[in-house]
file my_file02.cif (mmCIF, C-alpha atoms and all ligand atoms; chains and numbers go by the auth columns)
data_final
#
loop_
_atom_site.group_PDB
_atom_site.id
_atom_site.type_symbol
_atom_site.label_atom_id
_atom_site.label_comp_id
_atom_site.label_asym_id
_atom_site.label_seq_id
_atom_site.Cartn_x
_atom_site.Cartn_y
_atom_site.Cartn_z
_atom_site.B_iso_or_equiv
_atom_site.auth_seq_id
_atom_site.auth_asym_id
ATOM 1 C CA MET A 1 43.647 63.788 59.883 0.00 1 A
ATOM 2 C CA GLY A 2 46.721 65.279 58.268 0.00 2 A
ATOM 3 C CA VAL A 3 44.823 68.391 57.093 0.00 3 A
ATOM 4 C CA ARG A 4 43.362 68.917 60.599 0.00 4 A
ATOM 5 C CA ARG A 5 46.793 68.743 62.216 0.00 5 A
ATOM 6 C CA VAL A 6 48.063 71.520 59.925 0.00 6 A
ATOM 7 C CA ARG A 7 45.085 73.753 60.845 0.00 7 A
ATOM 8 C CA GLU A 8 45.714 73.348 64.591 0.00 8 A
ATOM 9 C CA GLY A 9 48.665 75.740 64.701 0.00 9 A
ATOM 10 C CA PHE A 10 50.809 78.080 62.688 0.00 10 A
ATOM 11 C CA SER A 11 52.878 76.601 59.960 0.00 11 A
ATOM 12 C CA LEU A 12 56.583 77.421 60.109 0.00 12 A
ATOM 13 C CA VAL A 13 56.189 79.805 57.181 0.00 13 A
ATOM 14 C CA GLU A 14 53.332 81.660 58.894 0.00 14 A
ATOM 15 C CA LEU A 15 55.296 81.894 62.121 0.00 15 A
ATOM 16 C CA LEU A 16 58.371 83.232 60.339 0.00 16 A
ATOM 17 C CA SER A 17 56.235 85.771 58.435 0.00 17 A
ATOM 18 C CA ALA A 18 54.657 86.981 61.689 0.00 18 A
ATOM 19 C CA LEU A 19 58.086 87.279 63.329 0.00 19 A
ATOM 20 C CA GLY A 20 59.344 89.117 60.263 0.00 20 A
ATOM 21 C CA ILE A 21 56.502 91.642 60.467 0.00 21 A
ATOM 22 C CA VAL A 22 57.111 92.189 64.201 0.00 22 A
ATOM 23 C CA ALA A 23 60.826 92.672 63.577 0.00 23 A
ATOM 24 C CA ALA A 24 60.124 95.128 60.764 0.00 24 A
ATOM 25 C CA LEU A 25 57.715 97.113 62.974 0.00 25 A
ATOM 26 C CA MET A 26 60.300 97.172 65.774 0.00 26 A
ATOM 27 C CA ALA A 27 62.940 98.388 63.346 0.00 27 A
ATOM 28 C CA ILE A 28 60.644 101.202 62.231 0.00 28 A
ATOM 29 C CA LEU A 29 59.298 102.208 65.666 0.00 29 A
ATOM 30 C CA MET A 30 62.339 101.801 67.936 0.00 30 A
ATOM 31 C CA PRO A 31 64.380 104.669 66.451 0.00 31 A
ATOM 32 C CA VAL A 32 61.277 106.900 66.611 0.00 32 A
ATOM 33 C CA TYR A 33 60.779 105.937 70.264 0.00 33 A
ATOM 34 C CA LEU A 34 64.456 106.465 71.117 0.00 34 A
ATOM 35 C CA ASN A 35 64.573 109.818 69.295 0.00 35 A
ATOM 36 C CA THR A 36 61.450 111.006 71.114 0.00 36 A
ATOM 37 C CA ARG A 37 62.927 109.916 74.442 0.00 37 A
ATOM 38 C CA ARG A 38 66.251 111.624 73.712 0.00 38 A
ATOM 39 C CA ALA A 39 64.435 114.813 72.690 0.00 39 A
ATOM 40 C CA ALA A 40 62.397 114.769 75.935 0.00 40 A
ATOM 41 C CA ILE A 41 65.578 114.332 78.001 0.00 41 A
ATOM 42 C CA ARG A 42 67.255 117.186 76.090 0.00 42 A
ATOM 43 C CA THR A 43 64.253 119.447 76.757 0.00 43 A
ATOM 44 C CA VAL A 44 64.533 118.864 80.535 0.00 44 A
ATOM 45 C CA CYS A 45 68.271 119.538 80.375 0.00 45 A
ATOM 46 C CA ILE A 46 67.830 122.801 78.418 0.00 46 A
ATOM 47 C CA SER A 47 65.199 123.922 80.938 0.00 47 A
ATOM 48 C CA ASN A 48 67.640 123.134 83.797 0.00 48 A
ATOM 49 C CA LEU A 49 70.433 125.115 82.137 0.00 49 A
ATOM 50 C CA ARG A 50 68.116 128.108 81.526 0.00 50 A
ATOM 51 C CA GLN A 51 67.107 128.121 85.214 0.00 51 A
ATOM 52 C CA ILE A 52 70.770 127.934 86.202 0.00 52 A
ATOM 53 C CA GLY A 53 71.409 130.889 83.871 0.00 53 A
ATOM 54 C CA ILE A 54 68.706 132.963 85.596 0.00 54 A
ATOM 55 C CA ALA A 55 70.079 132.043 89.043 0.00 55 A
ATOM 56 C CA VAL A 56 73.631 133.005 87.979 0.00 56 A
ATOM 57 C CA ARG A 57 72.293 136.389 86.809 0.00 57 A
ATOM 58 C CA MET A 58 70.644 136.924 90.218 0.00 58 A
ATOM 59 C CA TYR A 59 73.852 135.939 92.004 0.00 59 A
ATOM 60 C CA ARG A 60 75.836 138.395 89.851 0.00 60 A
ATOM 61 C CA GLU A 61 73.405 141.194 90.669 0.00 61 A
ATOM 62 C CA ASP A 62 73.743 140.497 94.394 0.00 62 A
ATOM 63 C CA TYR A 63 77.509 139.914 94.597 0.00 63 A
ATOM 64 C CA GLN A 64 78.820 141.745 91.495 0.00 64 A
ATOM 65 C CA GLU A 65 80.786 138.665 90.452 0.00 65 A
ATOM 66 C CA LEU A 66 80.323 135.103 89.262 0.00 66 A
ATOM 67 C CA PRO A 67 79.776 132.317 91.818 0.00 67 A
ATOM 68 C CA PRO A 68 82.957 130.436 92.837 0.00 68 A
ATOM 69 C CA TYR A 69 81.354 127.109 91.798 0.00 69 A
ATOM 70 C CA LEU A 70 78.078 126.174 90.165 0.00 70 A
ATOM 71 C CA SER A 71 75.981 124.979 93.102 0.00 71 A
ATOM 72 C CA ALA A 72 76.802 128.175 95.050 0.00 72 A
ATOM 73 C CA ILE A 73 73.624 129.488 93.371 0.00 73 A
ATOM 74 C CA HIS A 74 71.394 126.726 94.755 0.00 74 A
ATOM 75 C CA THR A 75 69.708 129.089 97.252 0.00 75 A
ATOM 76 C CA TYR A 76 68.213 130.926 94.246 0.00 76 A
ATOM 77 C CA LEU A 77 66.758 127.702 92.868 0.00 77 A
ATOM 78 C CA GLY A 78 65.348 125.911 95.905 0.00 78 A
ATOM 79 C CA ASP A 79 65.498 122.568 94.135 0.00 79 A
ATOM 80 C CA GLY A 80 68.683 120.575 93.647 0.00 80 A
ATOM 81 C CA ARG A 81 67.111 118.619 90.782 0.00 81 A
ATOM 82 C CA VAL A 82 67.837 121.550 88.479 0.00 82 A
ATOM 83 C CA PHE A 83 71.545 120.610 88.690 0.00 83 A
ATOM 84 C CA VAL A 84 70.946 117.038 87.481 0.00 84 A
ATOM 85 C CA CYS A 85 70.598 116.124 83.786 0.00 85 A
ATOM 86 C CA PRO A 86 68.336 113.083 83.147 0.00 86 A
ATOM 87 C CA ALA A 87 70.911 111.859 80.605 0.00 87 A
ATOM 88 C CA ASP A 88 73.592 111.673 83.325 0.00 88 A
ATOM 89 C CA ALA A 89 73.870 107.987 84.319 0.00 89 A
ATOM 90 C CA LEU A 90 75.366 108.920 87.712 0.00 90 A
ATOM 91 C CA GLN A 91 72.740 111.637 88.347 0.00 91 A
ATOM 92 C CA GLY A 92 75.340 114.170 89.458 0.00 92 A
ATOM 93 C CA GLN A 93 77.113 111.836 91.908 0.00 93 A
ATOM 94 C CA HIS A 94 80.544 112.337 90.328 0.00 94 A
ATOM 95 C CA ALA A 95 83.828 112.142 92.185 0.00 95 A
ATOM 96 C CA VAL A 96 85.950 115.278 91.875 0.00 96 A
ATOM 97 C CA ALA A 97 88.798 114.677 89.433 0.00 97 A
ATOM 98 C CA ASP A 98 91.813 116.585 90.638 0.00 98 A
ATOM 99 C CA THR A 99 93.776 116.645 87.395 0.00 99 A
ATOM 100 C CA LEU A 100 94.847 119.399 85.012 0.00 100 A
ATOM 101 C CA GLY A 101 93.573 122.029 87.435 0.00 101 A
ATOM 102 C CA ASP A 102 90.051 120.864 86.640 0.00 102 A
ATOM 103 C CA SER A 103 89.160 119.905 90.204 0.00 103 A
ATOM 104 C CA LEU A 104 85.927 121.912 90.155 0.00 104 A
ATOM 105 C CA ARG A 105 85.053 121.864 86.478 0.00 105 A
ATOM 106 C CA LEU A 106 82.588 119.129 87.390 0.00 106 A
ATOM 107 C CA GLU A 107 81.928 119.423 91.117 0.00 107 A
ATOM 108 C CA GLY A 108 79.615 116.392 91.326 0.00 108 A
ATOM 109 C CA ASN A 109 78.417 116.025 94.917 0.00 109 A
ATOM 110 C CA PHE A 110 81.391 117.870 96.469 0.00 110 A
ATOM 111 C CA TYR A 111 79.261 120.804 97.696 0.00 111 A
ATOM 112 C CA LEU A 112 75.682 119.729 97.086 0.00 112 A
ATOM 113 C CA PRO A 113 74.749 116.178 98.237 0.00 113 A
ATOM 114 C CA THR A 114 72.064 115.893 95.542 0.00 114 A
ATOM 115 C CA GLY A 115 74.817 116.219 92.940 0.00 115 A
ATOM 116 C CA VAL A 116 75.666 118.340 89.933 0.00 116 A
ATOM 117 C CA SER A 117 75.730 117.041 86.322 0.00 117 A
ATOM 118 C CA TYR A 118 76.879 120.288 84.740 0.00 118 A
ATOM 119 C CA THR A 119 80.399 121.611 84.391 0.00 119 A
ATOM 120 C CA TYR A 120 81.459 125.103 85.435 0.00 120 A
ATOM 121 C CA VAL A 121 83.619 126.448 82.626 0.00 121 A
ATOM 122 C CA PRO A 122 85.364 129.232 84.654 0.00 122 A
ATOM 123 C CA ASN A 123 86.901 126.436 86.773 0.00 123 A
ATOM 124 C CA TRP A 124 88.189 124.529 83.738 0.00 124 A
ATOM 125 C CA GLY A 125 92.001 124.782 83.547 0.00 125 A
ATOM 126 C CA ILE A 126 92.022 124.786 79.725 0.00 126 A
ATOM 127 C CA ALA A 127 89.407 127.565 79.536 0.00 127 A
ATOM 128 C CA ARG A 128 91.666 129.698 81.730 0.00 128 A
ATOM 129 C CA LEU A 129 94.742 128.753 79.705 0.00 129 A
ATOM 130 C CA LEU A 130 92.979 129.829 76.499 0.00 130 A
ATOM 131 C CA GLY A 131 91.843 133.087 78.132 0.00 131 A
ATOM 132 C CA TRP A 132 88.114 132.258 78.100 0.00 132 A
ATOM 133 C CA TRP A 133 88.086 133.144 81.798 0.00 133 A
ATOM 134 C CA GLN A 134 90.593 134.579 84.257 0.00 134 A
ATOM 135 C CA ALA A 135 91.658 132.553 87.266 0.00 135 A
ATOM 136 C CA GLY A 136 89.124 133.378 89.914 0.00 136 A
ATOM 137 C CA PRO A 137 87.087 134.244 91.713 0.00 137 A
ATOM 138 C CA PRO A 138 86.438 136.826 90.390 0.00 138 A
ATOM 139 C CA TYR A 139 86.737 135.489 86.881 0.00 139 A
ATOM 140 C CA GLY A 140 86.573 138.744 84.914 0.00 140 A
ATOM 141 C CA GLU A 141 84.266 139.418 81.996 0.00 141 A
ATOM 142 C CA GLY A 142 84.782 136.326 79.852 0.00 142 A
ATOM 143 C CA LYS A 143 86.631 136.336 76.516 0.00 143 A
ATOM 144 C CA TRP A 144 83.443 136.754 74.424 0.00 144 A
ATOM 145 C CA GLY A 145 81.475 138.756 76.970 0.00 145 A
ATOM 146 C CA GLU A 146 77.918 137.498 77.336 0.00 146 A
ATOM 147 C CA LEU A 147 78.532 134.763 74.732 0.00 147 A
ATOM 148 C CA THR A 148 81.310 133.117 76.783 0.00 148 A
ATOM 149 C CA PRO A 149 80.470 129.513 77.793 0.00 149 A
ATOM 150 C CA LEU A 150 79.527 129.303 81.471 0.00 150 A
ATOM 151 C CA SER A 151 78.287 125.754 81.950 0.00 151 A
ATOM 152 C CA GLU A 152 78.083 122.643 79.784 0.00 152 A
ATOM 153 C CA CYS A 153 76.198 119.359 79.643 0.00 153 A
ATOM 154 C CA HIS A 154 78.203 116.480 78.167 0.00 154 A
ATOM 155 C CA TRP A 155 75.821 113.648 79.006 0.00 155 A
ATOM 156 C CA HIS A 156 74.092 113.644 75.630 0.00 156 A
ATOM 157 C CA TRP A 157 77.244 112.212 74.083 0.00 157 A
ATOM 158 C CA ALA A 158 79.616 111.146 76.900 0.00 158 A
ATOM 159 C CA LYS A 159 78.981 108.128 79.123 0.00 159 A
ATOM 160 C CA GLN A 160 81.462 108.813 81.897 0.00 160 A
ATOM 161 C CA PHE A 161 83.503 111.624 83.321 0.00 161 A
ATOM 162 C CA HIS A 162 86.816 112.137 81.620 0.00 162 A
ATOM 163 C CA PRO A 163 88.973 115.039 82.774 0.00 163 A
ATOM 164 C CA ARG A 164 90.235 115.620 79.230 0.00 164 A
ATOM 165 C CA TRP A 165 86.834 115.839 77.549 0.00 165 A
ATOM 166 C CA GLN A 166 87.186 117.590 74.192 0.00 166 A
ATOM 167 C CA THR A 167 90.984 117.669 74.323 0.00 167 A
ATOM 168 C CA ASP A 168 91.652 113.961 74.146 0.00 168 A
ATOM 169 C CA ARG A 169 90.804 112.988 70.576 0.00 169 A
ATOM 170 C CA ILE A 170 91.476 109.317 71.487 0.00 170 A
ATOM 171 C CA THR A 171 88.102 109.105 73.226 0.00 171 A
ATOM 172 C CA GLY A 172 86.445 109.664 69.826 0.00 172 A
ATOM 173 C CA ALA A 173 84.171 112.472 70.994 0.00 173 A
ATOM 174 C CA ARG A 174 81.074 112.559 68.828 0.00 174 A
ATOM 175 C CA GLY A 175 77.760 114.291 69.400 0.00 175 A
ATOM 176 C CA TRP A 176 76.453 117.548 70.840 0.00 176 A
ATOM 177 C CA VAL A 177 77.503 119.459 73.935 0.00 177 A
ATOM 178 C CA LEU A 178 74.828 121.760 75.373 0.00 178 A
ATOM 179 C CA ILE A 179 76.287 125.089 76.472 0.00 179 A
ATOM 180 C CA LEU A 180 74.852 127.741 78.762 0.00 180 A
ATOM 181 C CA THR A 181 76.344 131.118 77.874 0.00 181 A
ATOM 182 C CA LEU A 182 76.773 134.029 80.281 0.00 182 A
ATOM 183 C CA ASN A 183 73.695 135.803 78.830 0.00 183 A
ATOM 184 C CA GLY A 184 71.518 132.835 79.884 0.00 184 A
ATOM 185 C CA ALA A 185 71.017 131.333 76.399 0.00 185 A
ATOM 186 C CA VAL A 186 71.465 127.607 75.788 0.00 186 A
ATOM 187 C CA ARG A 187 73.361 126.739 72.609 0.00 187 A
ATOM 188 C CA ARG A 188 75.081 123.591 71.348 0.00 188 A
ATOM 189 C CA ILE A 189 78.375 122.755 69.681 0.00 189 A
ATOM 190 C CA ARG A 190 79.886 119.540 68.317 0.00 190 A
ATOM 191 C CA ALA A 191 81.692 117.539 71.015 0.00 191 A
ATOM 192 C CA GLU A 192 84.581 116.946 68.591 0.00 192 A
ATOM 193 C CA THR A 193 85.371 120.685 68.413 0.00 193 A
ATOM 194 C CA PRO A 194 88.809 121.180 70.016 0.00 194 A
ATOM 195 C CA PRO A 195 88.779 123.943 72.686 0.00 195 A
ATOM 196 C CA GLU A 196 91.519 125.910 70.885 0.00 196 A
ATOM 197 C CA ALA A 197 89.257 126.127 67.791 0.00 197 A
ATOM 198 C CA PHE A 198 86.219 127.259 69.773 0.00 198 A
ATOM 199 C CA SER A 199 84.450 130.468 68.820 0.00 199 A
ATOM 200 C CA PRO A 200 80.828 131.599 69.445 0.00 200 A
ATOM 201 C CA GLU A 201 80.358 131.380 65.650 0.00 201 A
ATOM 202 C CA LEU A 202 80.325 127.588 66.117 0.00 202 A
ATOM 203 C CA TYR A 203 77.143 127.740 68.214 0.00 203 A
ATOM 204 C CA HIS A 204 74.081 126.100 66.710 0.00 204 A
HETATM 205 ZN ZN ZN B . 72.038 117.296 79.743 0.00 301 B
#
call {"tool": "encode", "arguments": {"input": "my_file02.cif", "output": "structure tokens", "more": "lines below"}}
Ligand SMILES: [Zn+2]
result
Amino acid sequence: MGVRRVREGFSLVELLSALGIVAALMAILMPVYLNTRRAAIRTVCISNLRQIGIAVRMYREDYQELPPYLSAIHTYLGDGRVFVCPADALQGQHAVADTLGDSLRLEGNFYLPTGVSYTYVPNWGIARLLGWWQAGPPYGEGKWGELTPLSECHWHWAKQFHPRWQTDRITGARGWVLILTLNGAVRRIRAETPPEAFSPELYH
């Protein structure tokens, strides 16, 4: 009788071994899954930024200057989804933060109801202060010409909008910022790079 009872189910040791194997598999596979997912999200974002870069080029050809805000180019894109990064928890529905002259750095849904996840660097007060861009529009040529940052995605490291992104070391910025440059290329820099230390040589 006693032997039969043991055979009816798992012994505690067997159960713990099975759980241990499942836990080990999870530990091995979860990071792979998360990395794959993050890479897929980044690919969509880079594609969005490239399309925005092409649309900005078309706008510049038509008007001989940069757009006054990012979504002013939406007529060249036909699809508002291009302005939304899948890593952005609020999907572009950000409130405009009217601090430090950064009111339109991240326009959110101020102009386009479908929202904007990406910043517009020419409207960033600190970028103007450091001479990256003139006050505009028009914004001039950009400090590094075609390599000057035009738009950024912060959602691959930041969880919420903070008007002092990159300047407020207290937030413990850590990770990569995707940057669209004026020539339409998408590059990345470390989020912890202070704006005053920025140079196109830091692009990866
Ligand atoms: Zn993104």
call {"tool": "resolve_selection", "arguments": {"input": "my_file02.cif", "expression": "the PyMOL selection byres (((not hetatm)) within 12 of (chain B and resi 301))", "output": "PyMOL selection string"}}
result
chain A and resi 38-50+82-89+91-92+116-119+151-159+176-180+186-188
call {"tool": "residues_around", "arguments": {"input": "my_file02.cif", "residues": "Glu141 (chain A)", "least_positions_apart": "6", "cutoff": "10 Å", "atoms": "only C-alpha atoms", "output": "JSON, numbers by chain"}}
result
{"A": [65, 66, 132, 133, 134, 148, 182]}
call {"tool": "closest_residue", "arguments": {"input": "my_file02.cif", "among": "A:Ala185, A:Leu130, A:Ala72, A:Val56", "to": "Ser199 (chain A)", "atoms": "only C-alpha atoms"}}
result
A:Leu130
call {"tool": "atom_distance", "arguments": {"input": "my_file02.cif", "atom1": "CA of Val22 (chain A)", "atom2": "CA of Thr36 (chain A)"}}
result
20.5 Å
call {"tool": "resolve_selection", "arguments": {"input": "my_file02.cif", "expression": "the PyMOL selection byres (((chain A and resi 76) around 8) and not hetatm)", "output": "number ranges by chain"}}
result
A: 55, 58-59, 73-75, 77-78
call {"tool": "closest_atom_pairs", "arguments": {"input": "my_file02.cif", "of": "region 27-75 of chain A", "to": "region 105-110 of chain A", "cutoff": "12 Å", "atoms": "all atoms listed in the file", "output": "CSV"}}
result
residue,atom,partner,partner_atom,distance
A:Pro68,CA,A:Arg105,CA,10.9
A:Tyr69,CA,A:Glu107,CA,7.7
A:Leu70,CA,A:Glu107,CA,7.8
A:Ser71,CA,A:Glu107,CA,8.4
A:Ala72,CA,A:Glu107,CA,10.9
call {"tool": "residues_around", "arguments": {"input": "my_file02.cif", "residues": "Gly80 (chain A)", "least_positions_apart": "5", "cutoff": "8 Å", "atoms": "all atoms listed in the file", "output": "compact mmCIF listing (two decimals) with C-alpha atoms, in the coordinates of the input"}}
result
# COMPACT_ATOMS: atom_id res chain seq x y z
CA HIS A 74 71.39 126.73 94.76
CA LEU A 112 75.68 119.73 97.09
CA THR A 114 72.06 115.89 95.54
CA GLY A 115 74.82 116.22 92.94
call {"tool": "atom_distance", "arguments": {"input": "my_file02.cif", "atom1": "CA of Arg190 (chain A)", "atom2": "CA of Gly175 (chain A)"}}
result
5.8 Å
call {"tool": "atom_distance", "arguments": {"input": "my_file02.cif", "atom1": "CA of Asp79 (chain A)", "atom2": "CA of Gln51 (chain A)"}}
result
10.6 Å
